[in-house]
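Undergrad: Just so it is clear, I am handing over model.cif, which has mmCIF, C-alpha atoms.
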```cif
data_input
loop_
_atom_site.label_atom_id
_atom_site.label_comp_id
_atom_site.auth_asym_id
_atom_site.auth_seq_id
_atom_site.Cartn_x
_atom_site.Cartn_y
_atom_site.Cartn_z
CA MET C 1 -111.19 127.25 36.46
CA ALA C 2 -111.07 128.27 32.86
CA PRO C 3 -108.71 126.19 30.72
CA LYS C 4 -105.41 127.72 29.75
CA TRP C 5 -104.96 127.82 26.02
CA PRO C 6 -101.49 127.45 24.56
CA ILE C 7 -99.84 130.62 23.43
CA PHE C 8 -98.47 130.60 19.88
CA SER C 9 -95.56 132.88 19.16
CA LYS C 10 -94.60 133.94 15.66
CA SER C 11 -91.53 132.09 14.42
CA LYS C 12 -88.57 134.18 13.48
CA ALA C 13 -87.63 131.70 10.76
CA ASN C 14 -88.38 132.58 7.19
CA ASP C 15 -91.83 131.48 6.04
CA LYS C 16 -91.80 128.82 3.32
CA VAL C 17 -94.53 128.55 0.70
CA LEU C 18 -94.68 125.71 -1.80
CA SER C 19 -96.44 125.99 -5.12
CA SER C 20 -96.53 123.77 -8.18
CA GLU C 21 -97.45 123.84 -11.83
CA SER C 22 -98.24 121.29 -14.52
CA ILE C 23 -96.75 121.83 -17.94
CA TYR C 24 -98.37 120.30 -21.02
CA GLU C 25 -96.27 119.98 -24.15
CA THR C 26 -95.96 117.80 -27.22
CA MET C 27 -93.25 115.34 -28.20
CA ASN C 28 -93.10 115.41 -32.00
CA GLY C 29 -92.13 112.86 -34.63
CA SER C 30 -92.65 112.66 -38.39
CA HIS C 31 -93.07 110.06 -41.13
CA VAL C 32 -93.06 110.34 -44.92
CA TYR C 33 -95.37 107.99 -46.81
CA LYS C 34 -94.66 107.73 -50.54
CA ILE C 35 -97.24 106.50 -53.05
CA LYS C 36 -95.57 105.32 -56.26
CA GLY C 37 -97.90 104.47 -59.13
CA PHE C 38 -100.79 106.69 -58.04
CA SER C 39 -102.65 106.12 -61.31
CA LEU C 40 -102.71 102.39 -60.58
CA ALA C 41 -103.85 102.91 -56.98
CA LYS C 42 -106.67 105.19 -58.10
CA GLY C 43 -109.82 103.21 -58.77
CA ILE C 44 -109.46 100.58 -56.05
CA GLY C 45 -112.87 101.68 -54.79
CA VAL C 46 -114.54 103.95 -52.28
CA GLY C 47 -113.74 103.02 -48.69
CA LYS C 48 -110.62 101.04 -49.61
CA SER C 49 -107.34 102.28 -48.22
CA MET C 50 -103.59 101.92 -48.49
CA THR C 51 -101.60 101.85 -45.24
CA SER C 52 -98.08 103.05 -44.51
CA ARG C 53 -95.50 101.10 -42.55
CA ARG C 54 -95.63 101.49 -38.77
CA PHE C 55 -93.69 104.39 -37.32
CA THR C 56 -93.08 105.25 -33.68
CA VAL C 57 -93.53 108.58 -31.93
CA CYS C 58 -92.92 108.86 -28.19
CA GLY C 59 -93.23 105.11 -27.67
CA HIS C 60 -96.50 104.72 -29.59
CA ASP C 61 -96.95 103.09 -33.01
CA TRP C 62 -98.90 104.83 -35.79
CA VAL C 63 -99.90 104.33 -39.43
CA ILE C 64 -101.14 106.65 -42.18
CA GLN C 65 -104.26 105.53 -44.03
CA PHE C 66 -104.67 106.84 -47.59
CA TYR C 67 -107.94 106.49 -49.52
CA PRO C 68 -107.30 107.37 -53.21
CA ASP C 69 -111.05 107.19 -53.99
CA GLY C 70 -112.28 108.67 -50.72
CA ASP C 71 -113.47 106.79 -47.66
CA THR C 72 -117.21 107.42 -48.15
CA GLN C 73 -119.63 108.08 -51.02
CA ASP C 74 -119.73 111.71 -49.93
CA SER C 75 -115.96 112.05 -50.40
CA GLN C 76 -115.51 109.91 -53.52
CA GLU C 77 -114.21 112.86 -55.54
CA TYR C 78 -111.50 113.52 -52.95
CA ILE C 79 -108.51 111.77 -51.48
CA SER C 80 -108.91 110.97 -47.77
CA LEU C 81 -106.10 110.96 -45.21
CA TYR C 82 -106.23 109.56 -41.69
CA LEU C 83 -103.89 108.89 -38.79
CA LYS C 84 -104.43 105.75 -36.70
CA ILE C 85 -102.72 104.42 -33.58
CA VAL C 86 -101.91 100.70 -33.69
CA SER C 87 -100.26 100.17 -30.32
CA PRO C 88 -102.34 99.56 -27.16
CA GLY C 89 -103.31 102.36 -24.81
CA GLU C 90 -104.95 105.77 -24.89
CA VAL C 91 -102.99 108.75 -26.23
CA ARG C 92 -103.78 112.41 -26.77
CA ALA C 93 -102.01 113.88 -29.78
CA THR C 94 -102.04 116.59 -32.43
CA PHE C 95 -101.25 115.76 -36.04
CA GLU C 96 -100.46 117.47 -39.31
CA PHE C 97 -100.54 116.34 -42.95
CA LYS C 98 -98.53 117.99 -45.73
CA LEU C 99 -97.95 117.15 -49.39
CA LEU C 100 -94.52 117.49 -50.97
CA ASP C 101 -94.42 120.09 -53.73
CA GLN C 102 -92.13 118.34 -56.19
CA SER C 103 -91.52 121.46 -58.28
CA GLU C 104 -89.86 123.44 -55.49
CA LYS C 105 -86.79 121.35 -54.66
CA GLY C 106 -88.31 119.23 -51.96
CA LYS C 107 -90.38 121.84 -50.11
CA TYR C 108 -93.81 121.12 -48.70
CA GLY C 109 -96.67 123.17 -50.09
CA VAL C 110 -97.75 125.52 -47.33
CA HIS C 111 -101.24 125.97 -48.68
CA ARG C 112 -101.84 122.24 -48.47
CA ILE C 113 -100.95 121.89 -44.78
CA SER C 114 -103.77 120.54 -42.67
CA THR C 115 -103.20 120.81 -38.94
CA VAL C 116 -105.29 119.70 -35.99
CA LYS C 117 -104.23 122.06 -33.20
CA SER C 118 -106.53 120.67 -30.50
CA PRO C 119 -105.38 117.27 -29.24
CA THR C 120 -107.33 114.23 -30.39
CA THR C 121 -107.72 111.16 -28.18
CA PHE C 122 -106.51 108.03 -29.98
CA THR C 123 -107.22 104.45 -28.88
CA THR C 124 -106.58 101.18 -30.63
CA GLN C 125 -110.30 100.40 -30.61
CA GLY C 126 -111.26 103.91 -31.73
CA VAL C 127 -111.61 105.28 -35.24
CA ALA C 128 -108.80 106.99 -37.09
CA ALA C 129 -108.64 110.79 -37.16
CA GLY C 130 -108.10 112.86 -40.25
CA TYR C 131 -109.74 114.34 -43.33
CA ALA C 132 -112.41 112.73 -45.47
CA LYS C 133 -112.05 115.55 -48.04
CA TYR C 134 -108.37 116.33 -47.84
CA MET C 135 -108.02 117.38 -51.47
CA LYS C 136 -109.99 116.96 -54.68
CA ARG C 137 -108.51 114.16 -56.74
CA SER C 138 -108.74 116.19 -59.95
CA GLU C 139 -106.88 119.06 -58.29
CA LEU C 140 -104.17 116.68 -57.08
CA GLU C 141 -103.71 115.14 -60.52
CA SER C 142 -103.05 118.57 -62.07
CA SER C 143 -100.80 119.83 -59.26
CA SER C 144 -97.07 119.71 -58.64
CA TYR C 145 -97.69 117.42 -55.67
CA LEU C 146 -98.00 114.56 -58.14
CA LYS C 147 -94.95 114.02 -60.32
CA ASP C 148 -93.89 110.93 -62.25
CA ASP C 149 -97.02 109.29 -60.82
CA CYS C 150 -95.54 109.67 -57.33
CA LEU C 151 -97.04 111.35 -54.25
CA SER C 152 -95.29 112.06 -50.91
CA ILE C 153 -97.33 112.55 -47.74
CA HIS C 154 -95.63 114.04 -44.69
CA CYS C 155 -97.27 113.43 -41.31
CA THR C 156 -96.17 114.99 -38.02
CA VAL C 157 -97.56 113.62 -34.77
CA GLY C 158 -97.31 115.50 -31.46
CA VAL C 159 -97.97 113.31 -28.44
CA VAL C 160 -99.17 115.31 -25.45
CA LYS C 161 -97.04 114.91 -22.34
CA THR C 162 -97.23 116.52 -18.93
CA ARG C 163 -94.58 117.28 -16.33
CA ASP C 164 -94.75 118.90 -12.89
CA ARG C 165 -92.62 121.65 -11.36
CA ILE C 166 -92.42 122.59 -7.67
CA PHE C 167 -91.59 126.08 -6.42
CA GLN C 168 -90.49 127.04 -2.93
CA THR C 169 -90.76 130.64 -1.73
CA ILE C 170 -88.36 131.66 1.05
CA ASP C 171 -88.31 135.22 2.39
CA GLU C 172 -89.76 136.59 -0.84
CA THR C 173 -87.16 134.75 -2.90
CA VAL C 174 -88.45 132.13 -5.30
CA GLN C 175 -86.30 129.03 -5.67
CA THR C 176 -87.27 126.67 -8.44
CA ARG C 177 -86.95 122.97 -7.89
CA ALA C 178 -87.59 121.44 -11.30
CA GLU C 179 -86.57 117.88 -10.66
CA GLU C 180 -87.03 116.80 -14.27
CA ASP C 181 -84.87 119.67 -15.53
CA LYS C 182 -81.95 119.02 -13.20
CA ASP C 183 -79.25 116.55 -14.20
CA TYR C 184 -78.39 114.16 -11.41
CA VAL C 185 -75.39 111.91 -11.99
CA ILE C 186 -75.91 108.64 -10.14
CA SER C 187 -73.05 106.21 -10.43
CA VAL C 188 -74.36 102.67 -10.90
CA PRO C 189 -71.72 100.00 -10.28
CA PRO C 190 -71.38 97.13 -12.75
CA SER C 191 -73.19 93.91 -11.97
CA ASP C 192 -71.40 91.64 -9.51
CA MET C 193 -73.78 88.72 -9.96
CA ILE C 194 -71.11 86.57 -11.64
CA GLN C 195 -68.63 87.17 -8.82
CA ASN C 196 -71.33 86.39 -6.25
CA LEU C 197 -72.29 83.11 -7.92
CA LYS C 198 -68.67 82.03 -8.36
CA GLY C 199 -68.05 82.94 -4.74
CA LEU C 200 -71.00 80.77 -3.75
CA LEU C 201 -69.46 77.86 -5.65
CA GLU C 202 -66.00 78.36 -4.18
CA SER C 203 -67.25 78.82 -0.60
CA GLU C 204 -69.51 75.74 -0.91
CA ILE C 205 -72.20 77.56 1.09
CA GLY C 206 -75.57 75.87 0.58
CA CYS C 207 -74.18 73.11 -1.65
CA ASP C 208 -76.42 70.05 -1.75
CA VAL C 209 -74.67 67.70 -4.18
CA THR C 210 -71.11 66.39 -4.55
CA PHE C 211 -69.59 65.15 -7.80
CA GLN C 212 -66.76 62.64 -7.77
CA VAL C 213 -64.58 62.91 -10.84
CA SER C 214 -61.65 60.48 -10.66
CA ASN C 215 -60.04 61.30 -7.32
CA GLU C 216 -61.40 64.84 -7.15
CA PHE C 217 -64.62 66.02 -5.46
CA PHE C 218 -66.69 69.07 -6.42
CA LYS C 219 -69.64 70.47 -4.51
CA ALA C 220 -72.44 72.38 -6.22
CA HIS C 221 -76.08 73.52 -5.99
CA LYS C 222 -78.72 71.37 -7.70
CA SER C 223 -81.05 74.30 -8.38
CA ILE C 224 -78.37 76.31 -10.18
CA LEU C 225 -77.26 73.31 -12.25
CA ALA C 226 -80.87 72.49 -13.11
CA ALA C 227 -81.52 76.08 -14.19
CA ARG C 228 -78.55 75.99 -16.56
CA SER C 229 -78.64 72.45 -17.98
CA PRO C 230 -81.65 70.39 -19.12
CA VAL C 231 -79.63 67.25 -18.38
CA PHE C 232 -79.08 68.19 -14.74
CA ARG C 233 -82.70 69.31 -14.46
CA ALA C 234 -83.90 65.90 -15.60
CA GLN C 235 -81.35 64.13 -13.40
CA PHE C 236 -82.36 65.93 -10.21
CA PHE C 237 -85.97 67.00 -10.75
CA GLY C 238 -87.31 65.05 -13.74
CA LEU C 239 -89.89 62.26 -13.73
CA VAL C 240 -87.19 59.64 -13.19
CA GLY C 241 -84.79 61.98 -11.42
CA ASN C 242 -83.66 61.74 -7.83
CA PRO C 243 -83.85 65.11 -6.01
CA GLY C 244 -82.46 63.50 -2.84
CA VAL C 245 -79.21 62.27 -4.36
CA GLU C 246 -76.15 63.66 -2.56
CA THR C 247 -73.22 62.14 -4.50
CA VAL C 248 -72.88 61.70 -8.27
CA ALA C 249 -69.99 59.88 -9.94
CA ILE C 250 -68.74 61.28 -13.25
CA GLU C 251 -66.54 58.87 -15.16
CA GLU C 252 -66.15 60.26 -18.68
CA PHE C 253 -64.39 63.56 -17.88
CA GLU C 254 -61.11 64.75 -16.48
CA PRO C 255 -61.40 66.68 -13.18
CA PHE C 256 -60.16 69.94 -14.73
CA ALA C 257 -62.74 69.65 -17.53
CA PHE C 258 -65.64 69.10 -15.12
CA LYS C 259 -64.51 72.03 -12.96
CA ALA C 260 -64.28 74.19 -16.06
CA MET C 261 -67.88 73.32 -16.93
CA LEU C 262 -69.02 74.09 -13.37
CA LEU C 263 -67.36 77.50 -13.54
CA PHE C 264 -69.15 78.19 -16.81
CA LEU C 265 -72.52 77.18 -15.32
CA TYR C 266 -72.03 79.67 -12.50
CA SER C 267 -70.52 82.50 -14.57
CA ASP C 268 -71.55 82.05 -18.23
CA GLU C 269 -67.89 82.67 -19.09
CA LEU C 270 -65.03 80.49 -20.28
CA PRO C 271 -62.68 79.88 -17.33
CA GLU C 272 -59.01 80.77 -17.36
CA PRO C 273 -56.43 77.94 -17.12
CA TYR C 274 -55.18 79.17 -13.72
CA GLU C 275 -58.66 78.56 -12.26
CA LEU C 276 -58.43 74.83 -13.02
CA SER C 277 -55.37 73.69 -11.05
CA VAL C 278 -57.19 70.77 -9.46
CA SER C 279 -54.93 67.95 -10.56
CA LYS C 280 -51.88 67.12 -12.64
CA SER C 281 -54.01 66.93 -15.80
CA PRO C 282 -52.91 69.19 -18.66
CA CYS C 283 -54.62 72.55 -18.52
CA THR C 284 -53.57 74.24 -21.75
CA SER C 285 -56.13 76.50 -23.33
CA THR C 286 -56.71 74.17 -26.29
CA SER C 287 -57.03 71.12 -24.04
CA ILE C 288 -59.60 72.90 -21.88
CA LEU C 289 -61.63 73.93 -24.92
CA GLN C 290 -61.55 70.43 -26.42
CA HIS C 291 -62.79 68.83 -23.21
CA LEU C 292 -65.34 71.60 -22.61
CA LEU C 293 -66.84 71.13 -26.07
CA VAL C 294 -67.39 67.44 -25.26
CA ALA C 295 -68.93 68.35 -21.89
CA ALA C 296 -71.17 70.97 -23.52
CA ASP C 297 -72.56 68.33 -25.86
CA ARG C 298 -73.02 65.84 -23.01
CA PHE C 299 -74.92 68.26 -20.75
CA ASP C 300 -76.82 70.12 -23.50
CA LEU C 301 -75.15 73.52 -23.20
CA PRO C 302 -75.41 75.03 -26.72
CA ARG C 303 -73.89 78.40 -25.80
CA LEU C 304 -70.82 76.77 -24.26
CA ARG C 305 -70.49 74.50 -27.27
CA LEU C 306 -70.46 77.45 -29.70
CA MET C 307 -68.05 79.42 -27.52
CA CYS C 308 -65.61 76.50 -27.51
CA GLU C 309 -66.01 75.91 -31.22
CA ALA C 310 -65.38 79.58 -32.03
CA LYS C 311 -62.26 79.76 -29.89
CA LEU C 312 -60.86 76.46 -31.13
CA CYS C 313 -61.11 77.80 -34.68
CA LYS C 314 -58.58 80.48 -33.65
CA GLU C 315 -56.23 78.13 -31.79
CA ILE C 316 -55.56 75.44 -34.39
CA LYS C 317 -51.95 74.23 -34.44
CA ALA C 318 -50.22 71.36 -36.16
CA SER C 319 -49.92 69.51 -32.84
CA THR C 320 -53.64 69.79 -32.00
CA ALA C 321 -55.42 70.01 -35.37
CA ALA C 322 -55.98 66.25 -35.73
CA THR C 323 -57.46 65.87 -32.23
CA THR C 324 -59.70 68.89 -32.73
CA LEU C 325 -60.76 67.49 -36.11
CA ALA C 326 -61.80 64.21 -34.50
CA ILE C 327 -63.82 66.05 -31.83
CA ALA C 328 -65.48 68.20 -34.50
CA GLU C 329 -66.47 65.10 -36.46
CA ARG C 330 -67.78 63.24 -33.40
CA HIS C 331 -69.89 66.16 -32.19
CA GLN C 332 -70.96 67.43 -35.63
CA CYS C 333 -69.25 70.83 -35.47
CA LEU C 334 -69.23 71.42 -39.22
CA LYS C 335 -67.53 74.83 -39.28
CA LEU C 336 -64.78 73.68 -36.95
CA LYS C 337 -64.31 70.54 -39.05
CA THR C 338 -63.98 72.58 -42.24
CA ILE C 339 -61.38 74.92 -40.74
CA CYS C 340 -59.36 71.99 -39.35
CA LEU C 341 -59.33 70.27 -42.75
CA LYS C 342 -58.22 73.43 -44.53
CA PHE C 343 -55.44 74.00 -41.99
CA ALA C 344 -54.19 70.41 -42.06
CA ALA C 345 -54.30 70.20 -45.86
CA LYS C 346 -51.83 73.05 -46.36
CA PRO C 347 -48.40 71.66 -47.33
CA GLU C 348 -46.64 73.70 -44.66
CA ASN C 349 -48.88 72.20 -41.95
CA LEU C 350 -49.48 68.62 -43.12
CA GLY C 351 -46.13 67.20 -41.94
CA GLY C 352 -46.61 68.46 -38.39
CA VAL C 353 -50.19 67.22 -38.29
CA MET C 354 -49.16 63.70 -39.40
CA LYS C 355 -46.54 63.52 -36.61
CA SER C 356 -49.07 64.33 -33.89
CA ASP C 357 -50.72 61.73 -31.65
CA GLY C 358 -54.11 62.90 -32.87
CA TYR C 359 -53.33 61.82 -36.43
CA ALA C 360 -52.77 58.21 -35.35
CA TYR C 361 -56.14 58.40 -33.59
CA LEU C 362 -57.73 59.60 -36.84
CA GLU C 363 -56.21 56.71 -38.80
CA LYS C 364 -57.63 54.19 -36.34
CA TRP C 365 -61.10 55.58 -35.59
CA TYR C 366 -61.96 58.07 -38.34
CA PRO C 367 -60.42 56.85 -41.61
CA SER C 368 -63.11 58.72 -43.58
CA LEU C 369 -61.60 61.98 -42.35
CA LEU C 370 -58.34 61.08 -44.09
CA THR C 371 -60.29 60.91 -47.34
CA ASP C 372 -61.80 64.32 -46.58
CA LEU C 373 -58.28 65.58 -45.90
CA LEU C 374 -57.06 64.37 -49.29
CA LYS C 375 -60.00 66.02 -51.05
CA THR C 376 -59.41 69.28 -49.23
CA GLY C 377 -55.70 69.08 -50.09
CA ALA C 378 -56.54 68.73 -53.77
CA VAL C 379 -58.65 71.89 -53.61
CA VAL C 380 -55.89 73.77 -51.76
CA ASP C 381 -53.35 72.73 -54.40
CA LYS C 382 -55.54 74.15 -57.15
CA ILE C 383 -55.77 77.46 -55.34
#
```
Would you write out, as structure tokens, the structure that this file holds?

TA:
Amino acid sequence: MAPKWPIFSKSKANDKVLSSESIYETMNGSHVYKIKGFSLAKGIGVGKSMTSRRFTVCGHDWVIQFYPDGDTQDSQEYISLYLKIVSPGEVRATFEFKLLDQSEKGKYGVHRISTVKSPTTFTTQGVAAGYAKYMKRSELESSSYLKDDCLSIHCTVGVVKTRDRIFQTIDETVQTRAEEDKDYVISVPPSDMIQNLKGLLESEIGCDVTFQVSNEFFKAHKSILAARSPVFRAQFFGLVGNPGVETVAIEEFEPFAFKAMLLFLYSDELPEPYELSVSKSPCTSTSILQHLLVAADRFDLPRLRLMCEAKLCKEIKASTAATTLAIAERHQCLKLKTICLKFAAKPENLGGVMKSDGYAYLEKWYPSLLTDLLKTGAVVDKI
């Protein structure tokens, strides 16, 4: 029996035909290269050039090369101009050189425009493109392009780019789908990495180390701490470190101060006082910053140290200036020390500073700072 072939019926739906096109165009950029003291540049020798500063067109870096005595023996009576790419890669581009006619209020002499209309392929390893005999030197010296011994060269570069367009034909109606020409607004939410990391710390998921600070306990992740602090990295993964340690006792910090540092390590932000209600320790903004600065120095966190120092400079009060001054001296925060001394030395502030507990601490442990305070006061009085 002969095989039965399937029967194809003509669809009633509209026929669709796709077509496409590639569009080549140039992305243009210009640079002006000024030669001041042309008479001094002339005579440097055949084949010796002067080079402009780098300029960027369409993501590629270029320079203009100017040969006042020509680049070869054959062009020694001319000036030579070349364009060279100095960034890696292969680029097709057109280019144009013009000289500024300085007698016509800043216009470029049309008759001295030299344009390469066909694209040239530029590579870093390739030779520069341009004109060995751009203009006779004697003609230039008697022209209005050279004024007050100054010459301005204008170079325009057109980098060749391509883009594709897709067309769809439906029932003899052409609908253009030019994806690159259509504006799509895509809403990108802000990063939630900080919230995720802080949530990881608060939930204690995956924590592999516990810190005991006084009577408080804080869990954390060794890998995150090691990534943020060289001290923790050495402690857990260094040559003499112990990656298997599960509990670490911290004796030199208050619980709220250590928690504040942990929050910074996970967020790269200074914590708010309400986030630190872990004990009955004082959690004023200044107290947090003072303790955090000490912790930043202890665990080698330079960004945290500078953040604390900058904020403490704005929060100096008579009741806290002496304590902050002592911390600044101990941890070599020179700017903070200077600001504390200037604040404390003012007559309207000195009485309150001397009544504070921090001042008694200065007298006992940092008597040299009292001398600095007197010297600063003498300068303030003169002002």

Undergrad: Could you tell me which residues the PyMOL selection byres ((chain C and resi 292) around 12) grabs in this file, written as a tab-separated table (two decimals) with C-alpha atoms, keeping the file's coordinate frame?

TA:
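Output (out.tsv):
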```
chain	number	residue	atom	x	y	z
C	253	PHE	CA	-64.39	63.56	-17.88
C	254	GLU	CA	-61.11	64.75	-16.48
C	255	PRO	CA	-61.40	66.68	-13.18
C	256	PHE	CA	-60.16	69.94	-14.73
C	257	ALA	CA	-62.74	69.65	-17.53
C	258	PHE	CA	-65.64	69.10	-15.12
C	259	LYS	CA	-64.51	72.03	-12.96
C	260	ALA	CA	-64.28	74.19	-16.06
C	261	MET	CA	-67.88	73.32	-16.93
C	262	LEU	CA	-69.02	74.09	-13.37
C	263	LEU	CA	-67.36	77.50	-13.54
C	264	PHE	CA	-69.15	78.19	-16.81
C	265	LEU	CA	-72.52	77.18	-15.32
C	269	GLU	CA	-67.89	82.67	-19.09
C	270	LEU	CA	-65.03	80.49	-20.28
C	271	PRO	CA	-62.68	79.88	-17.33
C	283	CYS	CA	-54.62	72.55	-18.52
C	285	SER	CA	-56.13	76.50	-23.33
C	286	THR	CA	-56.71	74.17	-26.29
C	287	SER	CA	-57.03	71.12	-24.04
C	288	ILE	CA	-59.60	72.90	-21.88
C	289	LEU	CA	-61.63	73.93	-24.92
C	290	GLN	CA	-61.55	70.43	-26.42
C	291	HIS	CA	-62.79	68.83	-23.21
C	293	LEU	CA	-66.84	71.13	-26.07
C	294	VAL	CA	-67.39	67.44	-25.26
C	295	ALA	CA	-68.93	68.35	-21.89
C	296	ALA	CA	-71.17	70.97	-23.52
C	297	ASP	CA	-72.56	68.33	-25.86
C	298	ARG	CA	-73.02	65.84	-23.01
C	299	PHE	CA	-74.92	68.26	-20.75
C	300	ASP	CA	-76.82	70.12	-23.50
C	301	LEU	CA	-75.15	73.52	-23.20
C	302	PRO	CA	-75.41	75.03	-26.72
C	303	ARG	CA	-73.89	78.40	-25.80
C	304	LEU	CA	-70.82	76.77	-24.26
C	305	ARG	CA	-70.49	74.50	-27.27
C	306	LEU	CA	-70.46	77.45	-29.70
C	307	MET	CA	-68.05	79.42	-27.52
C	308	CYS	CA	-65.61	76.50	-27.51
C	309	GLU	CA	-66.01	75.91	-31.22
C	311	LYS	CA	-62.26	79.76	-29.89
C	312	LEU	CA	-60.86	76.46	-31.13
C	324	THR	CA	-59.70	68.89	-32.73
C	327	ILE	CA	-63.82	66.05	-31.83
C	331	HIS	CA	-69.89	66.16	-32.19
```

Undergrad: Can you measure CA of Gly244 (chain C) to CA of Glu202 (chain C) for me? One decimal in Å is fine.

TA: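 The value is 22.2 Å.
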
Undergrad: Counting all atoms listed in the file, figure out which residue out of C:Ser191, C:Ser87, C:Thr162, C:Thr371 gets nearest to Phe122 (chain C).

TA: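 So, comparing all the options, the nearest one is C:Ser87.
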
Undergrad: Write out as a list in words the residues lying within 9 Å of Ala41 (chain C), counting all atoms listed in the file and excluding same-chain residues fewer than 6 positions away.

TA: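 Here the answer would be Ile35, Met50, Pro68 and Asp69 of chain C.
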
Undergrad: Can I get the selected residues back with C-alpha atoms, as a PDB file, in the coordinates of the input?

TA:
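File part-v3.pdb, as written:
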```pdb
ATOM      1  CA  ILE C  35     -97.240 106.500 -53.050  1.00  0.00           C
ATOM      2  CA  MET C  50    -103.590 101.920 -48.490  1.00  0.00           C
ATOM      3  CA  PRO C  68    -107.300 107.370 -53.210  1.00  0.00           C
ATOM      4  CA  ASP C  69    -111.050 107.190 -53.990  1.00  0.00           C
TER       5      ASP C  69
END
```

Undergrad: For Ser138 (chain C), which of C:Ile79, C:Ala326, C:Cys150, C:Ile186 is the closest residue, counting only C-alpha atoms?

TA: C:Ile79

Undergrad: Please compute the CA of Ser103 (chain C)-CA of Gly45 (chain C) distance, one decimal, in Å.

TA: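 Going from CA of Ser103 (chain C) over to CA of Gly45 (chain C) covers 29.3 Å.
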
Undergrad: Just how far from CA of Asp164 (chain C) is CA of Leu83 (chain C), in Å to one decimal?

TA: 29.2 Å

Undergrad: Of the residues C:Gln195, C:Thr156, C:Thr123, C:Gln76, which is the one nearest to Ser30 (chain C), using all atoms listed in the file?

TA: C:Thr156

Undergrad: Just say which residues the PyMOL selection byres ((chain C and resi 243) around 12) picks in this file, as a VMD selection string.

TA: chain C and resid 208 to 209 221 to 223 226 232 to 242 244 to 248

Undergrad: Give the answer as one residue: which of C:Gly358, C:Gly47, C:Gly89, C:Gly158 has the shortest atom-to-atom distance to Gly70 (chain C), using only C-alpha atoms?

TA: C:Gly47

Undergrad: Near Leu140 (chain C), counting all atoms listed in the file, which residues have an atom at most 12 Å away, once you skip same-chain residues fewer than 3 positions from it, shown as a ChimeraX atom specification?

TA: /C:38-39,42,68,77-80,99-101,112,134-137,143-147,149-152

Undergrad: Using the atoms already present, construct N, CA and C atoms for region 154-165 of chain C and hand them back as a PDB file, in the coordinates of the input.

TA:
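result.pdb was written with the following content:
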```
ATOM      1  N   HIS C 154     -96.399 113.811 -45.900  1.00  0.00           N
ATOM      2  CA  HIS C 154     -95.630 114.040 -44.690  1.00  0.00           C
ATOM      3  C   HIS C 154     -96.596 114.193 -43.518  1.00  0.00           C
ATOM      4  N   CYS C 155     -96.399 113.379 -42.481  1.00  0.00           N
ATOM      5  CA  CYS C 155     -97.270 113.430 -41.310  1.00  0.00           C
ATOM      6  C   CYS C 155     -96.427 113.685 -40.068  1.00  0.00           C
ATOM      7  N   THR C 156     -96.822 114.693 -39.294  1.00  0.00           N
ATOM      8  CA  THR C 156     -96.170 114.990 -38.020  1.00  0.00           C
ATOM      9  C   THR C 156     -97.157 114.722 -36.889  1.00  0.00           C
ATOM     10  N   VAL C 157     -96.723 113.954 -35.915  1.00  0.00           N
ATOM     11  CA  VAL C 157     -97.560 113.620 -34.770  1.00  0.00           C
ATOM     12  C   VAL C 157     -96.938 114.254 -33.523  1.00  0.00           C
ATOM     13  N   GLY C 158     -97.764 114.917 -32.718  1.00  0.00           N
ATOM     14  CA  GLY C 158     -97.310 115.500 -31.460  1.00  0.00           C
ATOM     15  C   GLY C 158     -98.035 114.876 -30.290  1.00  0.00           C
ATOM     16  N   VAL C 159     -97.365 113.989 -29.586  1.00  0.00           N
ATOM     17  CA  VAL C 159     -97.970 113.310 -28.440  1.00  0.00           C
ATOM     18  C   VAL C 159     -97.926 114.235 -27.227  1.00  0.00           C
ATOM     19  N   VAL C 160     -99.067 114.403 -26.589  1.00  0.00           N
ATOM     20  CA  VAL C 160     -99.170 115.310 -25.450  1.00  0.00           C
ATOM     21  C   VAL C 160     -98.586 114.651 -24.212  1.00  0.00           C
ATOM     22  N   LYS C 161     -97.658 115.363 -23.576  1.00  0.00           N
ATOM     23  CA  LYS C 161     -97.040 114.910 -22.340  1.00  0.00           C
ATOM     24  C   LYS C 161     -97.196 115.988 -21.274  1.00  0.00           C
ATOM     25  N   THR C 162     -97.151 115.569 -20.023  1.00  0.00           N
ATOM     26  CA  THR C 162     -97.230 116.520 -18.930  1.00  0.00           C
ATOM     27  C   THR C 162     -96.077 116.289 -17.955  1.00  0.00           C
ATOM     28  N   ARG C 163     -95.608 117.384 -17.353  1.00  0.00           N
ATOM     29  CA  ARG C 163     -94.580 117.280 -16.330  1.00  0.00           C
ATOM     30  C   ARG C 163     -94.878 118.310 -15.241  1.00  0.00           C
ATOM     31  N   ASP C 164     -94.457 118.045 -14.028  1.00  0.00           N
ATOM     32  CA  ASP C 164     -94.750 118.900 -12.890  1.00  0.00           C
ATOM     33  C   ASP C 164     -93.499 119.635 -12.426  1.00  0.00           C
ATOM     34  N   ARG C 165     -93.703 120.853 -11.940  1.00  0.00           N
ATOM     35  CA  ARG C 165     -92.620 121.650 -11.360  1.00  0.00           C
ATOM     36  C   ARG C 165     -93.061 122.121  -9.976  1.00  0.00           C
TER      37      ARG C 165
END
```
